[in-house]
Each structure stands twice: as C-alpha cells, then as structure tokens.
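Trainee: Before I ask anything, here is the structure I am working with.
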There are 2 protein chains.
Amino acid sequence: MLDQIEAAMERLRGVAHRTPVLTSRQLNEISGAEIFIKCENLQRGGAFKFRGAYNTISQLSDQQKKVGVITHSSGNHAQAVAITGGLLGIPTVIIMPNNAPQVKINATRGYGAEVVLCEPTQEARESTVQALIDEKGYTLIHPYDNDNIIAGAATTALELLEDVPNLDILVGPVGGGGLIAGSSAYAKLSGKVPYVIAVEPRGADDAFRSFYGDEHITSQNPITIADGLRTTTSKRTLRLIKEHVDRIIKVTDAQIIEAVGFMMERMKIVAEPSGASTVAPFLFSKEFAGKRIGIIISGGNMDISVLKNGLVSLDNSLD
Amino acid sequence: MLDQIEAAMERLRGVAHRTPVLTSRQLNEISGAEIFIKCENLQRGGAFKFRGAYNTISQLSDQQKKVGVITHSSGNHAQAVAITGGLLGIPTVIIMPNNAPQVKINATRGYGAEVVLCEPTQEARESTVQALIDEKGYTLIHPYDNDNIIAGAATTALELLEDVPNLDILVGPVGGGGLIAGSSAYAKLSGKVPYVIAVEPRGADDAFRSFYGDEHITSQNPITIADGLRTTTSKRTLRLIKEHVDRIIKVTDAQIIEAVGFMMERMKIVAEPSGASTVAPFLFSKEFAGKRIGIIISGGNMDISVLKNGLVSLDNSLD
C-alpha cells in the first residue's frame with residue numbers, strides 16, 4: 001500500500017496543489033501543543049478529493065477514458081471528478097439530487113461535466129447511476145470505497161510529513177473514511193507517526209460505534225452541520241481505520257462551529273464544517289499538551305449565504 | 001535602499017512567516033491573466049505590518065529597547081508592534097481610541113502590550129502619545145513614515161519575487177503608503193518588475209489625487225469599508241510612490257466587497273477589505289489579460305460579527 005501511495009504522489013506532482021502547512025500561535029497556546037495545519041481547503045476544487053479522483057481516473061484504461069466516468073455526489077467529490085475529467089479530456093457525468101443548490105450545479109457544469117438530476121433519495125441516485133452505466137458503459141468513480149481513491153487521499157499525509165517530520169500525532173476527519181484510512185495507513189506503514197486520531201461529529205458517529213464495537217454500523221439519519229461527514233464507512237475503509245487509527249474523538253456541532261469561526265478569525269482561512277471539525281478537539285482540551293500534532297483540514301467549500309445563515313444558527317446552537 | 005530591504009529580509013528570516021503564494025484558476029479565467037497572490041493575511045498578527053515593526057524595533061539601541069516603544073493605532077500596526085515587543089521583551093505602549101472594539105483592546109493586551117485609551121480624535125491621540133514620550137522617553141514607532149518600516153514592508157515583494165520570478169506587474173494597496181512605497185521600490189530598483197500598480201478605495205483617494213496632481217493631498221473624512229486604507233500618505237511615502245509606481249487604480253467599496261467574497265468562497269482565505277481591494281480590479285476587467293501579475297493581500301483581520309454585518313450591508317451597497 002505504501003508503494004501505491006508513493007506512486008499516487010508521483011502522479012499528482014505538478015497537477016495537485018502542494019497545499020501549505022500553517023501554524024497558529026493562539027491555537028498552540030490554547031491547546032498547549034505544537035500544531036501544524038495541512039490546508040486541503042486550498043487544494044484544487046477546495047478539498048482533498050481532487051487527489052483521489054485524479055489518481056483514480058488517470059489510471060483508467062484508454063477504453064474506459066474514451067467512454068467516460070460517472071459518480072453521484074453533490075459535494076466535493078463531484079467537483080473533483082469534474083475537474084479531473086476536464087483536465088484529462090474524459091467525458092464526465094455527475095448525478096446530483098434535484099434539490100442541490102443551483103450554484104453547485106452550475107459550478108460542476110462549469111468544470112465541463114454533464115450534470116444529471118434525480119430525485120433526492122439514495123435509491124434514485126443509485127438506480128440513475130446504474131441505468132447510465134448499463135446504457136453507456138461509464139466507469140463508476142466511488143467517492144471513497146476504492147483503493148486508488150484512498151491512495152490518492154493518503155498523499156495528504158505524505159506531503160504533510162515531508163514538510164513537518166517528527167509528528168507525535170496525526171489527525172484527520174472521518175466520514176466515508178477514505179481520507180483517514182489512507183492517511184493513517186501512510187502514517188503507520190511508513191513508521192513516521194506513532195499515533196493517529198480520527199474526528200467525527202457526534203450526530204454522525206457511525207465510525208465511532210463501528211470502531212469501538214463489533215459490528216459495522218452504517219449511519220442512519222445523521223444530523224450534523226458537517227455535511228461532508230454524513231457519509232458512512234465502507235468495509236474497506238473501516239478495516240483500514242481499525243488497523244491504523246488509534247482513537248476516534250467525537251465533537252459537537254457547537255464545537256465544530258467554534259472551530260470554523262476560530263479558523264476564519266484567527267487563521268484567516270475558510271474551512272467548511274467538515275474541514276474545521278479536526279481542530280475542535282484542540283480548542284476545548286489541553287489533553288494533548290506538549291505534543292507535535294499534524295491536523296488535516298479536508299476542505300473549504302461553503303458559500304457565503306450558508307456562512308451567514310450558519311453563523312446565525314450557530315448563535316442558537318451555542319445557547 | 002535595496003541594501004536596507006535585503007538586510008531587513010535577513011532580520012526577518014525565521015521570525016516572520018514566509019507567507020504562501022496562492023493561485024486561482026477562476027481568477028485567471030476571469031481576468032485573462034496569470035495571477036499570483038502573496039498572502040500577508042497569513043502573516044504573524046494577520047497582516048504585513050509585522051515585517052516593518054520587527055525590522056524597526058529590533059534595530060533600536062539597547063537604551064531605546066530598555067525604555068520601550070509607543071505607537072497609536074487601533075489596527076494592524078498596533079498588533080504588529082505589540083507582538084514584536086513581546087518577542088523582544090521590550091515595553092510596549094499602544095494608544096487606542098476609547099471606542100475601539102473590546103476584542104481589539106483585549107487582543108493587543110494579550111500580546112503583552114500596555115493599552116492606553118484616549119478620546120477618539122486625532123488631536124487626543126497625538127497629544128496622549130507626545131505626553132507619554134515626554135514623560136517616559138518612549139521611542140515612537142510610526143506606522144509608515146519611517147525608512148525601516150518601509151524596508152521591512154518591502155520584504156513582502158522580495159519574497160514574492162523569490163517564489164515567482166518574471167512578473168510583468170506587481171500590485172499592492174495604498175493607504176499610508178508604506179507597503180507600496182517599499183514594494184515598488186524593491187520591484188524597480190532590483191530590476192525585477194517593469195510595472196507597478198497601486199490600488200486605492202475611491203472614497204479615500206488622496207494618494208490618487210496627489211499622484212496625478214501637483215500637490216500633496218491628505219485625506220479628509222475618507223469614507224470606505226477598507227478601514228486600513230483610510231490613512232494618508234506622508235511626504236516620504238508619496239515621494240517613493242511617485243518615483244516607482246506606474247499607475248493608481250481606484251476601486252469602489254462594492255467592488256472591494258465582491259473581492260472579499262470571491263476570496264472567501266473561491267480561494268478559501270479571509271482577506272479584510274483593505275487586503276482584498278487589490279484583487280478587485282482583476283475581477284472586473286480583462287485589461288491585464290496575458291500578463292503575469294503578483295498581487296499583495298495586505299491583511300486579514302476582521303471579526304466574524306463585522307463580516308456578518310458587512311455582508312448584510314454589502315447587499316445594500318450593491319443595489
């Protein structure tokens with residue numbers, strides 16, 4: 001797997017942004033730790049997802065590339081696939097729910113993808129995708145249940161550790177689990193980081209329950225502001241997480257919103273709730289004082305109206 | 001002057017952040033240019049001001065350092081002086097208007113500075129500063145009318161040109177003029193950039209009128225959302241600007257607010273209105289298509305409540 005991650009890094013050099021690593025004196029003071037923030041919100045498409053999409057799609061056969069790719073997502077993965085399709089000149093179809101914000105539909109089309117709308121249910125999404133695969137022969141690019149997606153996502157940790165060696169702890173968010181599965185595997189298999197923490201919203205704690213229990217729990221009606229973390233682990237990502245992650249910490253939406261505000265006000269960067277969630281544990285605890293900690297911010301895609309409304313509703317949720 | 005700037009860079013290495021340079025495919029498409037954004041909003045204290053403050057204060061005599069420094073500002077310069085004083089263990093007094101936001105007063109005290117409040121008038125500020133200098137012997141650290149402040153600010157351009165050689169145009173904001181005076185001087189004296197543009201808010205266009213006229217105009221009741229650019233050039237900064245800047249472009253507050261929103265939504269970084277002002281010309285014109293352009297974002301200090309209110313009032317100002 002280490003080989004796959006290193007090969008992914010070679011594919012991505014000069015194509016993906018090498019995102020900066022930022023520090024914050026204030027965050028260090030609050031946490032007592034020395035924290036290094038890997039800013040995937042500054043990645044192409046505004047999230048780490050481009051790494052996996054490009055790593056996967058660029059390895060398809062010529063025939064697969066000619067026919068094209070398909071995925072269902074209204075989030076960061078859709079944009080990553082659309083950008084990659086545009087870069088490589090590959091036909092790209094994105095299935096989105098018909099209640100997706102027009103701005104997201106337009107943005108995805110702006111990257112050159114064909115957007116097909118369906119009813120906003122899991123069944124409609126899957127049946128629409130399957131019908132198009134059956135009819136046209138598209139290759140499905142799953143957002144996380146795919147070894148090449150995971151290896152691409154893992155290059156986030158690889159880059160961070162090139163820039164900041166000698167971390168005591170690596171921290172990433174867990175939703176579907178591709179990012180933390182790949183990053184924790186890289187951290188442990190390379191021998192570079194002894195301890196990995198995944199962060200999950202309390203209202204979508206399926207990974208937590210699977211990790212500490214005996215069953216594979218899938219999320220049921222997750223309720224969290226961190227829309228990117230409402231997805232649920234696959235067998236593949238859960239297996240890697242159980243093997244390489246040491247602990248899962250749950251955070252509340254109020255804590256996540258505090259973290260979004262902290263990053264905007266103090267660090268001057270826009271992290272979406274899913275992205276900022278990983279900072280939350282260190283704003284509210286000195287448990288990790290004295291450690292050198294690398295934290296992955298997964299993405300930054302929020303529109304300003306959401307931000308305004310989010311901040312208003314935040315005031316309520318903190319009451 | 002080139003020597004002074006290079007010496008300032010040596011002083012700042014390992015002390016100031018080497019801020020990242022970001023690019024945006026969307027900004028390039030809108031402008032038709034190839035744009036490189038130097039992110040001084042990610043500098044220590046959230047603005048380029050730390051460069052000048054540290055360069056100036058670190059060169060004071062032992063006696064001056066022992067007695068301490070003073071400045072009047074409720075903005076980014078105050079924080080830069082306070083941070084520097086804390087780093088170097090130098091007593092630091094900041095005169096702030098008694099209507100300054102409590103959060104700014106607290107932040108400045110948080111850096112270890114003594115904050116003295118005065119009536120919110122120019123006269124009260126100056127007389128309070130002068131009385132304390134007379135009484136205690138503090139050294140005044142002027143926010144821009146000072147060669148060492150200007151040389152420190154100029155290291156912004158030096159770093160940008162180390163990272164991105166072969167720029168056709170360098171762009172910076174003009175308020176008091178320290179940043180653009182130093183940066184334009186570096187660009188021209190080093191021979192590295194043939195053309196420099198300063199950007200100024202239409203409601204505070206004293207530099208524009210001085211630059212294109214025969215008199216030194218000082219600002220009278222400037223009205224702009226870009227609070228950091230309400231200050232007025234000094235003879236020293238205006239002379240450098242007239243020598244090394246090729247053009248001053250005026251932007252409206254509505255354009256500045258669009259630029260703040262663009263940077264948050266598309267580039268995932270928080271730039272205060274003064275900082276984002278330099279991007280505005282390239283969001284509304286293709287005049288510079290085909291050029292390689294380096295743009296300095298001067299700072300990112302806004303609190304979230306201001307942002308919320310600002311965005312609300314923005315909706316009005318765009319009507």
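Residues in the structure tokens are numbered from 1 in each chain, the chains being A, B, ... in the order shown, and ligands are numbered from 1 in the order shown.
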Determine which residues of chain A sit within 8 Å of chain B, taking into account only C-alpha atoms, and present them as a PyMOL selection string.
Mentor: chain A and resi 20+41-42+46+261+264-271+300-304+308
Trainee: If you keep C-alpha atoms, can you produce a file of those selected residues as a short mmCIF file (atom, residue, chain, number, x, y, z; two decimals), in the first residue's frame?
Mentor:
data_model
loop_
_atom_site.label_atom_id
_atom_site.label_comp_id
_atom_site.auth_asym_id
_atom_site.auth_seq_id
_atom_site.Cartn_x
_atom_site.Cartn_y
_atom_site.Cartn_z
CA PRO A 20 0.59 24.98 2.61
CA ASN A 41 -9.17 23.65 1.75
CA LEU A 42 -6.62 25.31 -0.54
CA GLY A 46 -11.39 23.35 -2.48
CA GLY A 261 -15.01 30.76 13.45
CA MET A 264 -11.64 32.39 9.93
CA GLU A 265 -10.92 34.97 12.60
CA ARG A 266 -7.54 33.85 13.82
CA MET A 267 -6.04 31.85 11.00
CA LYS A 268 -7.68 33.76 8.10
CA ILE A 269 -8.70 30.64 6.25
CA VAL A 270 -12.11 29.32 5.31
CA ALA A 271 -12.63 25.73 6.39
CA GLY A 300 -13.29 24.75 2.46
CA ASN A 301 -16.38 24.77 0.26
CA MET A 302 -19.13 26.89 1.76
CA ASP A 303 -20.99 29.65 0.05
CA ILE A 304 -21.29 32.95 1.81
CA LYS A 308 -24.21 33.87 7.17
#
Trainee: Which of segment 40-276 of chain A end up as strand (DSSP E) when DSSP is run on this backbone - answer as a count of residues only?
Mentor: 34
Trainee: Please run DSSP on the backbone and report, as a PyMOL selection string, all residues within segment 49-209 of chain B that come out as alpha helix (DSSP H).
Mentor: chain B and resi 49-57+62-67+76-88+102-110+122-136+147-163+178-189+206-209
Trainee: Work out how far atom CA of Tyr186 of chain B is from atom CA of Met1 of chain B, in Å to one decimal.
Mentor: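 Atom CA of Tyr186 of chain B lies 8.1 Å from atom CA of Met1 of chain B.
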Trainee: Could you list, as a ChimeraX atom specification, every residue within 10 Å of Glu114 of chain A, counting only C-alpha atoms and ignoring same-chain residues fewer than 3 positions away?
Mentor: /A:70,82,91-95,105,108-111,117
Trainee: Once you have the residues from the selection above, write them out as a compact mmCIF listing (two decimals), in the first residue's frame, restricted to all heavy atoms.
Mentor:
# COMPACT_ATOMS: atom_id res chain seq x y z
N ILE A 70 -18.52 8.25 -14.24
CA ILE A 70 -19.76 8.71 -13.61
C ILE A 70 -19.60 8.65 -12.09
O ILE A 70 -18.87 7.79 -11.58
CB ILE A 70 -20.96 7.84 -14.08
CG1 ILE A 70 -22.29 8.46 -13.64
CG2 ILE A 70 -20.84 6.41 -13.57
CD1 ILE A 70 -23.50 7.82 -14.34
N ALA A 82 -15.20 16.17 -11.71
CA ALA A 82 -15.44 17.07 -12.86
C ALA A 82 -14.15 17.78 -13.28
O ALA A 82 -13.85 17.89 -14.48
CB ALA A 82 -16.52 18.09 -12.49
N PRO A 91 -15.05 12.29 -20.81
CA PRO A 91 -16.46 12.60 -20.56
C PRO A 91 -16.82 12.27 -19.10
O PRO A 91 -16.43 11.21 -18.59
CB PRO A 91 -17.21 11.67 -21.52
CG PRO A 91 -16.21 11.30 -22.57
CD PRO A 91 -14.87 11.32 -21.91
N THR A 92 -17.53 13.17 -18.45
CA THR A 92 -17.81 13.04 -17.03
C THR A 92 -19.27 13.32 -16.76
O THR A 92 -19.80 14.35 -17.20
CB THR A 92 -16.94 14.06 -16.24
OG1 THR A 92 -15.57 13.82 -16.54
CG2 THR A 92 -17.17 13.93 -14.75
N VAL A 93 -19.92 12.39 -16.07
CA VAL A 93 -21.33 12.57 -15.72
C VAL A 93 -21.46 12.57 -14.21
O VAL A 93 -20.94 11.69 -13.53
CB VAL A 93 -22.20 11.43 -16.32
CG1 VAL A 93 -23.66 11.63 -15.95
CG2 VAL A 93 -22.01 11.35 -17.82
N ILE A 94 -22.12 13.59 -13.68
CA ILE A 94 -22.34 13.68 -12.24
C ILE A 94 -23.84 13.63 -11.97
O ILE A 94 -24.60 14.43 -12.52
CB ILE A 94 -21.79 15.01 -11.67
CG1 ILE A 94 -20.38 15.31 -12.17
CG2 ILE A 94 -21.89 15.00 -10.14
CD1 ILE A 94 -19.28 14.48 -11.59
N ILE A 95 -24.25 12.66 -11.16
CA ILE A 95 -25.65 12.56 -10.76
C ILE A 95 -25.82 13.40 -9.49
O ILE A 95 -25.14 13.16 -8.49
CB ILE A 95 -26.04 11.10 -10.45
CG1 ILE A 95 -25.65 10.17 -11.61
CG2 ILE A 95 -27.53 11.00 -10.12
CD1 ILE A 95 -26.25 10.53 -12.93
N ILE A 105 -24.68 23.10 -8.92
CA ILE A 105 -24.94 22.52 -10.25
C ILE A 105 -24.17 23.31 -11.31
O ILE A 105 -23.47 22.75 -12.15
CB ILE A 105 -26.46 22.53 -10.54
CG1 ILE A 105 -27.19 21.62 -9.53
CG2 ILE A 105 -26.73 22.09 -11.98
CD1 ILE A 105 -28.71 21.71 -9.59
N THR A 108 -20.38 22.69 -11.14
CA THR A 108 -20.00 21.39 -11.68
C THR A 108 -20.04 21.43 -13.20
O THR A 108 -19.14 20.93 -13.88
CB THR A 108 -20.93 20.30 -11.11
OG1 THR A 108 -20.95 20.43 -9.68
CG2 THR A 108 -20.43 18.92 -11.46
N ARG A 109 -21.09 22.05 -13.74
CA ARG A 109 -21.15 22.20 -15.20
C ARG A 109 -20.02 23.09 -15.71
O ARG A 109 -19.49 22.88 -16.81
CB ARG A 109 -22.50 22.81 -15.61
CG ARG A 109 -23.64 21.81 -15.51
CD ARG A 109 -24.95 22.35 -16.09
NE ARG A 109 -25.95 21.29 -16.08
CZ ARG A 109 -27.23 21.44 -15.70
NH1 ARG A 109 -27.67 22.63 -15.32
NH2 ARG A 109 -28.04 20.41 -15.71
N GLY A 110 -19.66 24.07 -14.89
CA GLY A 110 -18.58 24.99 -15.27
C GLY A 110 -17.25 24.27 -15.48
O GLY A 110 -16.40 24.73 -16.25
N TYR A 111 -17.07 23.14 -14.79
CA TYR A 111 -15.86 22.35 -14.98
C TYR A 111 -15.96 21.46 -16.22
O TYR A 111 -15.04 20.71 -16.52
CB TYR A 111 -15.59 21.48 -13.76
CG TYR A 111 -15.14 22.24 -12.53
CD1 TYR A 111 -15.85 22.15 -11.34
CD2 TYR A 111 -14.00 23.04 -12.55
CE1 TYR A 111 -15.44 22.84 -10.20
CE2 TYR A 111 -13.59 23.72 -11.43
CZ TYR A 111 -14.30 23.62 -10.26
OH TYR A 111 -13.89 24.30 -9.14
N LEU A 117 -29.84 15.27 -13.11
CA LEU A 117 -30.56 15.41 -11.84
C LEU A 117 -31.47 14.21 -11.60
O LEU A 117 -32.00 13.62 -12.54
CB LEU A 117 -31.38 16.70 -11.85
CG LEU A 117 -30.55 17.98 -12.03
CD1 LEU A 117 -31.46 19.21 -12.14
CD2 LEU A 117 -29.56 18.16 -10.90
Trainee: What's the 8 Å shell around Ala157 of chain B, counting only C-alpha atoms, without same-chain residues fewer than 2 positions away, as a list of chain:residue names?
Mentor: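 So the residues in contact are B:Ala154, B:Thr155, B:Glu159, B:Leu160, B:Leu161, B:Ser183, B:Ser184, B:Tyr186, B:Ala187, B:Ile296.
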Trainee: Go through A:Gln63, A:Asn98, A:Ser58, A:Thr232 and flag the residue nearest Ala207 of chain A, using only C-alpha atoms for the distances.
Mentor: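 Using only C-alpha atoms, Ala207 of chain A sits closest to A:Thr232.
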Trainee: If you count only C-alpha atoms, which residues fall within 10 Å of Gly182 of chain B, apart from same-chain ones fewer than 4 positions away, as a ChimeraX atom specification?
Mentor: /B:1-2,5,144,147-158,177-178,186-187,237,240-241,244
Trainee: So that I can see what lies close to Ile83 of chain A, please list as a ChimeraX atom specification the residues with an atom at most 8 Å from it, counting only C-alpha atoms and leaving out residues fewer than 2 positions away in the same chain.
Mentor: /A:45,50,79-81,85-87,111-112
Trainee: Mind giving me the straight-line distance from atom CA of Leu140 of chain A to atom CA of His77 of chain A in Å, one decimal?
Mentor: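 A separation of 12.4 Å between them.
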Trainee: State, in Å with one decimal place, the distance from atom CA of Ala204 of chain A to atom CA of Ser219 of chain A.
Mentor: 6.5 Å
Trainee: Glu287 of chain A: which residues within 10 Å, counting only C-alpha atoms, same-chain residues fewer than 4 positions away excluded, as a PDB file with C-alpha atoms, in the first residue's frame?
Mentor:
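For reference, result_0.pdb as written:
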ATOM      1  CA  SER A  31      -4.006  23.521  23.250  1.00  0.00           C
ATOM      2  CA  GLY A  32      -0.564  23.560  24.820  1.00  0.00           C
ATOM      3  CA  ALA A  33       0.549  21.564  21.783  1.00  0.00           C
ATOM      4  CA  PRO A 281     -10.759  18.864  19.985  1.00  0.00           C
ATOM      5  CA  PHE A 282      -7.713  21.096  20.423  1.00  0.00           C
ATOM      6  CA  LYS A 291       2.778  17.013  21.540  1.00  0.00           C
TER       7      LYS A 291
END
Trainee: Out of B:Lys136, B:Lys66, B:Arg18, B:Arg292, which residue has the shortest atom-to-atom distance to Pro194 of chain B when counting only C-alpha atoms?
Mentor: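 When distances to Pro194 of chain B are compared using only C-alpha atoms, the smallest one comes from B:Arg292.
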